[in-house]
$ cat protein.txt   # compact mmCIF, C-alpha atoms and all ligand atoms
# COMPACT_ATOMS: atom_id res chain seq x y z
CA MET A 1 10.10 -21.32 1.69
CA ASN A 2 6.63 -21.22 0.21
CA ARG A 3 5.76 -24.11 -2.02
CA HIS A 4 4.68 -22.08 -5.02
CA MET A 5 7.42 -19.74 -6.06
CA GLU A 6 11.20 -19.42 -6.18
CA ILE A 7 13.42 -16.36 -5.96
CA LEU A 8 14.86 -17.31 -9.34
CA GLU A 9 11.54 -16.33 -10.92
CA VAL A 10 12.03 -12.79 -9.61
CA TRP A 11 15.56 -12.60 -11.06
CA GLU A 12 14.22 -13.84 -14.39
CA ALA A 13 11.48 -11.22 -14.24
CA ARG A 14 14.09 -8.51 -13.75
CA LYS A 15 15.87 -9.55 -16.94
CA ARG A 16 12.66 -10.05 -18.88
CA ILE A 17 11.16 -6.63 -18.11
CA SER A 18 14.39 -4.60 -18.25
CA SER A 19 13.71 -3.23 -21.74
CA LEU A 20 10.30 -1.87 -20.69
CA VAL A 21 10.69 -1.06 -17.02
CA LYS A 22 13.45 1.10 -15.61
CA LYS A 23 14.69 1.00 -12.04
CA THR A 24 12.83 3.59 -9.94
CA PRO A 25 14.45 6.11 -7.56
CA LEU A 26 14.76 5.55 -3.82
CA ILE A 27 14.93 8.91 -2.04
CA LYS A 28 15.22 9.84 1.60
CA SER A 29 12.40 12.00 2.91
CA LEU A 30 13.94 14.56 5.23
CA ALA A 31 10.58 15.71 6.59
CA ILE A 32 9.30 12.23 7.41
CA SER A 33 12.69 11.04 8.74
CA GLU A 34 12.73 13.94 11.16
CA ARG A 35 9.19 13.27 12.27
CA ALA A 36 9.74 9.50 12.66
CA GLY A 37 13.16 9.83 14.33
CA ARG A 38 14.69 7.31 11.96
CA PRO A 39 15.74 7.29 8.29
CA VAL A 40 12.65 7.01 6.07
CA TYR A 41 13.02 6.34 2.34
CA LEU A 42 10.43 6.51 -0.44
CA LYS A 43 10.49 3.99 -3.30
CA LEU A 44 9.03 6.03 -6.12
CA GLU A 45 6.82 3.64 -8.07
CA ASN A 46 4.76 6.69 -9.04
CA THR A 47 7.49 7.58 -11.57
CA HIS A 48 6.65 4.86 -14.12
CA GLU A 49 5.08 6.05 -17.41
CA ILE A 50 1.63 4.90 -16.29
CA GLY A 51 2.13 6.28 -12.79
CA ALA A 52 2.04 2.97 -10.90
CA PHE A 53 4.09 -0.19 -10.23
CA LYS A 54 1.62 -2.52 -11.99
CA ILE A 55 3.64 -2.17 -15.19
CA ARG A 56 6.17 -4.60 -13.66
CA GLY A 57 3.84 -7.56 -13.24
CA ALA A 58 1.95 -6.92 -16.47
CA ALA A 59 5.21 -6.70 -18.44
CA ASN A 60 6.57 -9.91 -16.93
CA LYS A 61 3.39 -11.85 -17.72
CA ILE A 62 2.87 -10.50 -21.24
CA LEU A 63 6.52 -10.82 -22.28
CA SER A 64 6.52 -14.46 -21.17
CA LEU A 65 3.64 -15.42 -23.51
CA SER A 66 4.39 -17.56 -26.56
CA ASP A 67 4.50 -15.91 -30.00
CA ASP A 68 1.20 -17.55 -30.78
CA GLU A 69 -0.43 -16.20 -27.62
CA LYS A 70 0.96 -12.74 -28.33
CA ARG A 71 -0.45 -12.83 -31.85
CA ARG A 72 -3.93 -13.61 -30.48
CA GLY A 73 -3.80 -10.76 -27.97
CA VAL A 74 -4.49 -10.18 -24.29
CA THR A 75 -7.48 -9.04 -22.25
CA THR A 76 -8.31 -7.78 -18.78
CA TYR A 77 -11.26 -6.22 -16.95
CA SER A 78 -9.40 -3.84 -14.67
CA THR A 79 -9.99 -0.17 -15.40
CA GLY A 80 -7.47 0.97 -12.83
CA ASN A 81 -3.69 0.80 -12.76
CA HIS A 82 -3.57 -2.84 -13.85
CA GLY A 83 -5.70 -2.15 -16.94
CA MET A 84 -3.46 0.76 -17.87
CA ALA A 85 -0.37 -1.39 -17.35
CA VAL A 86 -1.70 -4.13 -19.64
CA ALA A 87 -2.62 -1.57 -22.33
CA PHE A 88 0.78 0.14 -22.05
CA VAL A 89 2.80 -3.06 -22.32
CA ALA A 90 0.69 -4.40 -25.20
CA GLN A 91 1.04 -1.15 -27.12
CA ASN A 92 4.80 -1.11 -26.58
CA ILE A 93 5.36 -4.58 -27.97
CA GLY A 94 2.77 -4.16 -30.72
CA ILE A 95 0.08 -6.63 -29.67
CA GLU A 96 -3.65 -6.11 -29.17
CA ALA A 97 -5.16 -5.53 -25.70
CA THR A 98 -8.90 -5.62 -25.08
CA VAL A 99 -10.19 -4.12 -21.84
CA CYS A 100 -13.72 -5.17 -20.86
CA ILE A 101 -15.48 -2.37 -19.00
CA SER A 102 -18.99 -1.70 -17.73
CA SER A 103 -21.03 1.22 -19.04
CA ARG A 104 -20.52 2.91 -15.65
CA VAL A 105 -16.79 3.42 -15.98
CA PRO A 106 -16.08 7.18 -15.87
CA LYS A 107 -15.09 8.94 -19.09
CA MET A 108 -11.70 9.95 -17.76
CA LYS A 109 -10.69 6.30 -17.36
CA VAL A 110 -12.11 5.37 -20.74
CA ASP A 111 -10.08 8.16 -22.34
CA SER A 112 -6.81 7.17 -20.71
CA LEU A 113 -7.24 3.51 -21.73
CA GLU A 114 -7.98 4.59 -25.31
CA ARG A 115 -4.95 6.84 -25.35
CA LEU A 116 -2.87 3.77 -24.50
CA GLY A 117 -4.27 2.06 -27.58
CA ALA A 118 -6.55 -0.42 -25.81
CA ARG A 119 -9.58 -1.82 -27.60
CA LEU A 120 -12.60 -1.38 -25.32
CA GLU A 121 -15.47 -3.80 -25.02
CA ILE A 122 -18.36 -2.20 -23.16
CA VAL A 123 -20.63 -4.76 -21.45
CA GLY A 124 -23.36 -4.48 -18.83
CA GLU A 125 -23.49 -2.26 -15.80
CA SER A 126 -21.11 -3.90 -13.38
CA GLN A 127 -17.51 -4.88 -13.01
CA ASP A 128 -18.67 -8.49 -12.62
CA ALA A 129 -20.30 -8.49 -16.06
CA ALA A 130 -17.08 -7.10 -17.51
CA GLY A 131 -15.14 -9.90 -15.84
CA VAL A 132 -17.46 -12.56 -17.26
CA ARG A 133 -17.04 -11.09 -20.76
CA CYS A 134 -13.29 -11.16 -20.38
CA PHE A 135 -13.28 -14.93 -19.83
CA GLU A 136 -15.72 -15.39 -22.71
CA LEU A 137 -13.26 -13.64 -24.98
CA GLU A 138 -10.58 -16.04 -23.82
CA LYS A 139 -12.72 -18.98 -24.95
CA GLU A 140 -14.11 -17.41 -28.13
CA ARG A 141 -11.03 -15.72 -29.53
CA GLY A 142 -8.10 -17.22 -27.70
CA TYR A 143 -7.10 -14.02 -25.90
CA THR A 144 -5.02 -14.51 -22.77
CA VAL A 145 -6.54 -13.03 -19.59
CA ILE A 146 -3.90 -11.08 -17.67
CA GLU A 147 -4.79 -11.50 -13.99
CA PRO A 148 -4.12 -8.54 -11.70
CA PHE A 149 -2.40 -10.19 -8.71
CA ASP A 150 -2.94 -13.95 -8.14
CA GLU A 151 -0.56 -15.03 -10.88
CA PRO A 152 3.07 -16.18 -10.53
CA TYR A 153 4.51 -14.02 -13.34
CA VAL A 154 2.69 -10.97 -12.00
CA ILE A 155 3.93 -11.66 -8.46
CA ALA A 156 7.51 -12.15 -9.71
CA GLY A 157 7.28 -8.89 -11.68
CA GLN A 158 6.18 -6.91 -8.62
CA GLY A 159 8.97 -8.67 -6.70
CA THR A 160 11.60 -6.87 -8.79
CA ILE A 161 10.96 -3.89 -6.48
CA GLY A 162 12.46 -6.00 -3.69
CA LEU A 163 15.62 -6.69 -5.71
CA GLU A 164 16.07 -2.97 -6.37
CA LEU A 165 15.70 -2.21 -2.66
CA LEU A 166 18.36 -4.78 -1.76
CA GLU A 167 20.76 -3.09 -4.20
CA ASP A 168 20.08 0.48 -3.16
CA LEU A 169 19.61 0.05 0.59
CA PRO A 170 20.95 -3.32 1.76
CA THR A 171 20.68 -2.20 5.39
CA LEU A 172 16.92 -1.62 5.33
CA SER A 173 15.04 -2.97 8.33
CA ASP A 174 11.35 -2.18 7.63
CA VAL A 175 9.24 -2.00 4.48
CA LEU A 176 5.67 -0.72 4.29
CA VAL A 177 3.64 -2.19 1.44
CA PRO A 178 0.11 -1.06 0.48
CA LEU A 179 -1.99 -4.23 0.36
CA SER A 180 -5.03 -5.25 -1.66
CA GLY A 181 -4.96 -8.54 -3.59
CA GLY A 182 -1.44 -9.06 -2.30
CA GLY A 183 0.55 -9.50 -5.51
CA LEU A 184 2.82 -6.63 -4.54
CA LEU A 185 3.44 -7.82 -0.98
CA SER A 186 3.93 -11.43 -2.09
CA GLY A 187 6.57 -10.45 -4.64
CA ILE A 188 8.43 -8.03 -2.39
CA GLY A 189 8.20 -10.52 0.47
CA LEU A 190 9.67 -13.32 -1.64
CA ALA A 191 12.57 -11.13 -2.82
CA LEU A 192 13.39 -9.58 0.56
CA LYS A 193 12.85 -12.48 2.95
CA THR A 194 14.84 -14.88 0.79
CA ASN A 195 17.85 -12.56 0.99
CA SER A 196 17.35 -10.78 4.32
CA PRO A 197 15.04 -12.81 6.56
CA ASP A 198 15.17 -10.17 9.32
CA VAL A 199 13.56 -7.41 7.27
CA ARG A 200 10.12 -6.66 8.67
CA ILE A 201 7.28 -6.36 6.19
CA THR A 202 4.20 -4.38 7.14
CA GLY A 203 1.07 -4.48 4.99
CA VAL A 204 -1.03 -1.32 4.95
CA SER A 205 -4.71 -1.08 3.98
CA MET A 206 -7.59 1.29 4.50
CA GLU A 207 -9.90 0.58 7.43
CA ARG A 208 -12.87 0.22 5.09
CA SER A 209 -13.18 -3.07 3.15
CA ALA A 210 -9.78 -4.53 4.04
CA VAL A 211 -10.54 -7.89 2.41
CA MET A 212 -7.13 -9.54 2.88
CA HIS A 213 -7.15 -8.58 6.54
CA GLU A 214 -10.58 -10.12 7.16
CA SER A 215 -9.66 -13.19 5.12
CA LEU A 216 -6.47 -13.82 7.10
CA LYS A 217 -8.43 -13.50 10.34
CA ALA A 218 -10.99 -16.01 9.08
CA GLY A 219 -8.27 -18.36 7.78
CA LYS A 220 -9.73 -18.40 4.27
CA PRO A 221 -10.53 -15.98 1.41
CA LEU A 222 -13.72 -14.00 2.05
CA GLU A 223 -15.92 -11.70 -0.02
CA MET A 224 -16.86 -8.27 1.31
CA GLU A 225 -18.92 -5.30 0.25
CA GLU A 226 -16.93 -2.39 -1.10
CA SER A 227 -17.27 1.04 0.39
CA GLU A 228 -15.97 4.29 -0.96
CA THR A 229 -12.41 5.16 0.01
CA LEU A 230 -9.62 7.50 -1.03
CA ALA A 231 -7.52 4.35 -1.47
CA ASP A 232 -9.63 3.19 -4.43
CA SER A 233 -6.76 1.18 -5.94
CA LEU A 234 -6.89 -1.08 -2.88
CA LEU A 235 -10.55 -2.07 -3.47
CA GLY A 236 -11.57 -5.44 -4.91
CA GLY A 237 -11.59 -8.93 -3.50
CA ILE A 238 -8.76 -11.46 -3.27
CA GLY A 239 -10.73 -14.19 -5.11
CA LEU A 240 -12.52 -17.02 -3.30
CA ASP A 241 -10.36 -19.45 -5.26
CA ASN A 242 -7.13 -17.62 -4.40
CA ARG A 243 -4.12 -19.80 -5.26
CA TYR A 244 -0.98 -17.85 -4.33
CA THR A 245 -1.24 -14.49 -2.62
CA PHE A 246 -3.32 -15.52 0.40
CA ASP A 247 -0.66 -18.06 1.45
CA MET A 248 2.27 -15.84 0.51
CA VAL A 249 0.94 -12.79 2.38
CA GLU A 250 0.32 -14.98 5.41
CA GLU A 251 3.90 -16.25 5.20
CA TYR A 252 5.74 -12.98 4.52
CA MET A 253 3.74 -10.28 6.28
CA ASP A 254 4.88 -9.55 9.83
CA GLN A 255 2.05 -7.14 10.68
CA LEU A 256 -0.85 -5.32 9.09
CA VAL A 257 -1.84 -1.72 9.83
CA LEU A 258 -5.29 -0.32 8.96
CA ILE A 259 -5.61 3.38 8.16
CA PRO A 260 -8.70 5.55 8.77
CA GLU A 261 -9.92 7.71 5.86
CA GLU A 262 -8.95 11.05 7.48
CA ASP A 263 -5.37 9.87 7.86
CA ILE A 264 -5.15 8.87 4.19
CA GLY A 265 -6.34 12.32 3.14
CA TYR A 266 -3.95 14.02 5.54
CA ALA A 267 -1.01 11.94 4.23
CA MET A 268 -1.85 12.88 0.62
CA ALA A 269 -1.90 16.58 1.57
CA TYR A 270 1.30 16.16 3.61
CA MET A 271 3.10 14.69 0.58
CA MET A 272 2.05 17.63 -1.58
CA ASP A 273 3.11 20.10 1.09
CA LYS A 274 6.39 18.59 2.33
CA GLU A 275 7.62 16.63 -0.69
CA ARG A 276 5.77 18.53 -3.46
CA MET A 277 4.62 15.13 -4.69
CA ILE A 278 1.28 13.76 -5.82
CA VAL A 279 0.50 10.32 -4.43
CA GLU A 280 -2.82 8.53 -4.77
CA GLY A 281 -4.75 7.33 -1.73
CA ALA A 282 -3.52 3.74 -1.91
CA ALA A 283 0.08 4.94 -1.93
CA ALA A 284 -0.52 7.38 0.92
CA THR A 285 -1.54 4.61 3.34
CA GLY A 286 2.11 3.81 4.07
CA ILE A 287 2.92 7.46 4.71
CA ALA A 288 -0.11 7.68 7.01
CA ALA A 289 1.12 4.68 9.00
CA VAL A 290 4.44 6.43 9.67
CA LEU A 291 2.90 9.84 10.40
CA GLY A 292 0.42 8.20 12.79
CA ASN A 293 3.24 6.42 14.68
CA GLN A 294 1.75 3.04 13.89
CA ILE A 295 5.09 1.38 13.19
CA PRO A 296 6.82 0.08 16.33
CA HIS A 297 9.84 2.25 16.90
CA GLN A 298 13.23 0.99 15.81
CA ASN A 299 16.32 2.76 14.58
CA GLY A 300 16.87 1.05 11.25
CA ALA A 301 15.99 2.41 7.82
CA LEU A 302 12.34 2.23 6.84
CA VAL A 303 11.12 2.17 3.24
CA VAL A 304 7.62 3.19 2.14
CA ILE A 305 6.54 1.90 -1.27
CA ILE A 306 4.90 4.85 -3.06
CA THR A 307 2.80 2.67 -5.33
CA GLY A 308 1.07 5.20 -7.59
CA ARG A 309 0.02 8.74 -8.43
CA ASN A 310 -3.26 8.26 -10.31
CA VAL A 311 -5.80 10.44 -8.55
CA ASP A 312 -8.37 12.94 -9.85
CA LEU A 313 -7.51 16.62 -9.53
CA SER A 314 -10.92 17.26 -7.95
CA ILE A 315 -9.90 15.08 -4.98
CA LEU A 316 -6.56 16.86 -4.59
CA PHE A 317 -8.35 20.20 -4.82
CA LYS A 318 -10.64 19.28 -1.92
CA LEU A 319 -7.73 18.03 0.18
CA LEU A 320 -5.70 21.18 -0.43
CA LYS A 321 -8.68 23.31 0.56
CA THR A 322 -9.19 21.31 3.75
CA TYR A 323 -5.56 21.26 4.82
CA THR A 324 -4.52 24.80 3.88
CA SER A 325 -7.53 26.68 5.27
CA HIS A 326 -6.98 26.04 8.98
CA ARG A 327 -3.31 26.93 9.32
C1 LIG B 1 -2.77 -2.51 -7.21
C2 LIG B 1 -2.29 -1.45 -6.31
C3 LIG B 1 -1.90 -1.73 -4.98
C4 LIG B 1 -2.06 -3.08 -4.32
O1 LIG B 1 -1.44 -4.13 -5.02
P1 LIG B 1 -1.92 -5.65 -4.77
O2 LIG B 1 -0.96 -6.49 -5.53
O3 LIG B 1 -3.32 -5.76 -5.29
O4 LIG B 1 -1.88 -5.89 -3.30
C5 LIG B 1 -1.39 -0.69 -4.22
N1 LIG B 1 -1.28 0.57 -4.71
C6 LIG B 1 -1.64 0.87 -5.98
C7 LIG B 1 -1.48 2.27 -6.45
C8 LIG B 1 -2.15 -0.13 -6.83
O5 LIG B 1 -2.52 0.20 -8.08

$ encode --input "protein.txt" --output "structure tokens"
Amino acid sequence: MNRHMEILEVWEARKRISSLVKKTPLIKSLAISERAGRPVYLKLENTHEIGAFKIRGAANKILSLSDDEKRRGVTTYSTGNHGMAVAFVAQNIGIEATVCISSRVPKMKVDSLERLGARLEIVGESQDAAGVRCFELEKERGYTVIEPFDEPYVIAGQGTIGLELLEDLPTLSDVLVPLSGGGLLSGIGLALKTNSPDVRITGVSMERSAVMHESLKAGKPLEMEESETLADSLLGGIGLDNRYTFDMVEEYMDQLVLIPEEDIGYAMAYMMDKERMIVEGAAATGIAAVLGNQIPHQNGALVVIITGRNVDLSILFKLLKTYTSHR
């Protein structure tokens, strides 16, 4: 057992978030099962209101705050799925959420955060400046910073996916988990390995800027330059002062698969074609690992976590053009 967290925290998270977060469907993909020669299931975390699983961790953290903390409000500097999750949860329980963003954040993201009722604080030109402002607000106004992954309540919230899998498919033998900061894999790992130690957990990242991968190889958290990728939700570091997810990923992850850009794009197009489903690049990495035969062959049921659906139409348009023109 890891020294930081207990399975009980995941069960408590399940109760705590049940009013805001509904169980998501687990469906068998006939096309991918046939191709892989084994049963392949998709855990549809793209079906949450905000289109991504991050609502689980954000809800668990925010709902566990004291009344006083709730009254003062919460803040974050993520403009991606975590930022949307924080804004959504805050709006639903009637507390204020401030998202610190740089002036470079695209209008589409600004609009969707505003639609979720977030107060925006625009600072500087970089994500780093936004992060600094976020912690200033904590000091100046008593807001609580909601961390995106290296936080026990967030990890426990993401772990509720593991509990749902154990209920719906107790015979599962493999799970593929898109991996960035590792909150998702840590939570699912804690839930699954505590109950079914033989389940194999595979982390999946893009080839470019796989920070957790490089950090594990080096034996300590590293910083890396970001490069553009279709799996944009997997960008970002793991924190040089990482407290939980580095150790937990090391403990729970059996193997890590890195996916080239072309394969991510192909998997996104494949999901539209075969499943009539939109998945964002981060979520397509698991599909790509199966389609590319990168998972050692076994007969048992395999689950791919479809983590989100938030991708620009212009990207889908390009992919459809590429993959329908040369039939
Ligand atoms: C955040 C995110 C991930 C990775 O989660 P971590 O906890 O950072 O490892 C994967 N897919 C999507 C769509 C995400 O938004």

$ residues_around --input "protein.txt" --residues "segment 134-139 of chain A" --least-positions-apart "5" --cutoff "8 Å" --atoms "all atoms listed in the file" --output "number ranges by chain"
A: 75-77, 99-100, 144-145

$ atom_distance --input "protein.txt" --atom1 "atom CA of Ala269 of chain A" --atom2 "atom CA of Tyr323 of chain A"
6.8 Å

$ residues_near_point --input "protein.txt" --point "(-7.7, 6.6, -1.4)" --cutoff "6 Å" --atoms "all atoms listed in the file" --output "list in words"
Thr229, Leu230, Ala231, Asp232, Gly281 and Ala282 of chain A

$ closest_atom_pairs --input "protein.txt" --of "segment 183-242 of chain A" --to "segment 246-257 of chain A" --cutoff "6 Å" --atoms "all atoms listed in the file" --output "Markdown table"
| residue | atom | partner | partner_atom | distance |
| --- | --- | --- | --- | --- |
| A:Ser186 | CA | A:Met248 | CA | 5.4 |
| A:Gly189 | CA | A:Tyr252 | CA | 5.3 |
| A:Ile201 | CA | A:Met253 | CA | 5.3 |
| A:Thr202 | CA | A:Gln255 | CA | 5.0 |
| A:Gly203 | CA | A:Leu256 | CA | 4.6 |
| A:Val204 | CA | A:Val257 | CA | 5.0 |

$ residues_near_point --input "protein.txt" --point "(-1.3, -4.7, -17.6)" --cutoff "10 Å" --atoms "all atoms listed in the file" --output "VMD selection string"
chain A and resid 54 to 62 74 to 76 78 80 to 90 97 99 146 to 148 154

$ write_last_selection --input "protein.txt" --atoms "C-alpha atoms" --output "compact mmCIF listing (two decimals), keeping the file's coordinate frame"
# COMPACT_ATOMS: atom_id res chain seq x y z
CA LYS A 54 1.62 -2.52 -11.99
CA ILE A 55 3.64 -2.17 -15.19
CA ARG A 56 6.17 -4.60 -13.66
CA GLY A 57 3.84 -7.56 -13.24
CA ALA A 58 1.95 -6.92 -16.47
CA ALA A 59 5.21 -6.70 -18.44
CA ASN A 60 6.57 -9.91 -16.93
CA LYS A 61 3.39 -11.85 -17.72
CA ILE A 62 2.87 -10.50 -21.24
CA VAL A 74 -4.49 -10.18 -24.29
CA THR A 75 -7.48 -9.04 -22.25
CA THR A 76 -8.31 -7.78 -18.78
CA SER A 78 -9.40 -3.84 -14.67
CA GLY A 80 -7.47 0.97 -12.83
CA ASN A 81 -3.69 0.80 -12.76
CA HIS A 82 -3.57 -2.84 -13.85
CA GLY A 83 -5.70 -2.15 -16.94
CA MET A 84 -3.46 0.76 -17.87
CA ALA A 85 -0.37 -1.39 -17.35
CA VAL A 86 -1.70 -4.13 -19.64
CA ALA A 87 -2.62 -1.57 -22.33
CA PHE A 88 0.78 0.14 -22.05
CA VAL A 89 2.80 -3.06 -22.32
CA ALA A 90 0.69 -4.40 -25.20
CA ALA A 97 -5.16 -5.53 -25.70
CA VAL A 99 -10.19 -4.12 -21.84
CA ILE A 146 -3.90 -11.08 -17.67
CA GLU A 147 -4.79 -11.50 -13.99
CA PRO A 148 -4.12 -8.54 -11.70
CA VAL A 154 2.69 -10.97 -12.00

$ closest_atom_pairs --input "protein.txt" --of "chain A" --to "ligand LIG 1 (chain B)" --cutoff "6 Å" --atoms "all atoms listed in the file" --output "Markdown table"
| residue | atom | partner | partner_atom | distance |
| --- | --- | --- | --- | --- |
| A:Ala52 | CA | B:LIG1 | C7 | 5.7 |
| A:Asn81 | CA | B:LIG1 | O5 | 4.9 |
| A:Phe149 | CA | B:LIG1 | O2 | 5.1 |
| A:Pro178 | CA | B:LIG1 | C5 | 4.9 |
| A:Leu179 | CA | B:LIG1 | O4 | 4.0 |
| A:Ser180 | CA | B:LIG1 | O4 | 3.6 |
| A:Gly181 | CA | B:LIG1 | O3 | 3.6 |
| A:Gly182 | CA | B:LIG1 | O4 | 3.4 |
| A:Gly183 | CA | B:LIG1 | O2 | 3.4 |
| A:Leu184 | CA | B:LIG1 | O2 | 3.9 |
| A:Ser233 | CA | B:LIG1 | O5 | 4.8 |
| A:Leu234 | CA | B:LIG1 | C4 | 5.4 |
| A:Ala282 | CA | B:LIG1 | N1 | 4.8 |
| A:Ala283 | CA | B:LIG1 | N1 | 5.4 |
| A:Thr307 | CA | B:LIG1 | C7 | 4.4 |
| A:Gly308 | CA | B:LIG1 | C7 | 4.0 |

$ closest_residue --input "protein.txt" --among "A:Arg309, A:Lys28, A:Arg208, A:Arg38" --to "Leu235 of chain A" --atoms "only C-alpha atoms"
A:Arg208

$ decode --input "protein.txt" --residues "segment 229-283 of chain A" --atoms "C-alpha atoms" --output "compact mmCIF listing (two decimals), in the first residue's frame"
# COMPACT_ATOMS: atom_id res chain seq x y z
CA THR A 229 0.39 17.88 -29.84
CA LEU A 230 -3.13 16.71 -30.62
CA ALA A 231 -3.20 15.45 -27.02
CA ASP A 232 -3.12 19.00 -25.63
CA SER A 233 -4.89 17.97 -22.40
CA LEU A 234 -1.84 15.84 -21.56
CA LEU A 235 0.57 18.82 -21.66
CA GLY A 236 1.95 20.46 -18.52
CA GLY A 237 4.51 19.37 -15.97
CA ILE A 238 4.09 17.14 -12.92
CA GLY A 239 5.52 19.75 -10.51
CA LEU A 240 9.11 19.66 -9.25
CA ASP A 241 7.72 19.44 -5.72
CA ASN A 242 5.33 16.60 -6.59
CA ARG A 243 3.97 15.02 -3.41
CA TYR A 244 1.62 12.19 -4.45
CA THR A 245 1.22 11.27 -8.09
CA PHE A 246 4.86 10.58 -8.94
CA ASP A 247 5.05 7.88 -6.23
CA MET A 248 1.57 6.53 -6.90
CA VAL A 249 2.08 6.24 -10.67
CA GLU A 250 5.37 4.48 -10.04
CA GLU A 251 3.61 2.06 -7.70
CA TYR A 252 0.46 1.33 -9.73
CA MET A 253 1.49 1.58 -13.37
CA ASP A 254 2.60 -1.71 -14.92
CA GLN A 255 3.74 -0.23 -18.24
CA LEU A 256 3.71 2.99 -20.20
CA VAL A 257 3.06 3.28 -23.93
CA LEU A 258 4.02 6.38 -25.96
CA ILE A 259 1.96 7.27 -29.02
CA PRO A 260 3.22 9.10 -32.13
CA GLU A 261 1.17 12.07 -33.37
CA GLU A 262 -0.05 10.34 -36.57
CA ASP A 263 -1.50 7.50 -34.52
CA ILE A 264 -3.40 9.91 -32.26
CA GLY A 265 -4.96 11.59 -35.28
CA TYR A 266 -5.81 8.25 -36.86
CA ALA A 267 -7.46 7.03 -33.63
CA MET A 268 -9.59 10.21 -33.43
CA ALA A 269 -10.75 9.68 -37.03
CA TYR A 270 -11.32 5.96 -36.36
CA MET A 271 -13.60 6.78 -33.40
CA MET A 272 -15.67 9.13 -35.55
CA ASP A 273 -15.89 6.57 -38.33
CA LYS A 274 -16.47 3.33 -36.40
CA GLU A 275 -18.14 4.54 -33.20
CA ARG A 276 -19.59 7.85 -34.46
CA MET A 277 -17.98 9.43 -31.41
CA ILE A 278 -15.92 12.56 -30.88
CA VAL A 279 -12.92 12.04 -28.61
CA GLU A 280 -10.18 14.57 -27.99
CA GLY A 281 -6.53 13.75 -28.66
CA ALA A 282 -5.68 12.90 -25.04
CA ALA A 283 -8.54 10.40 -24.93
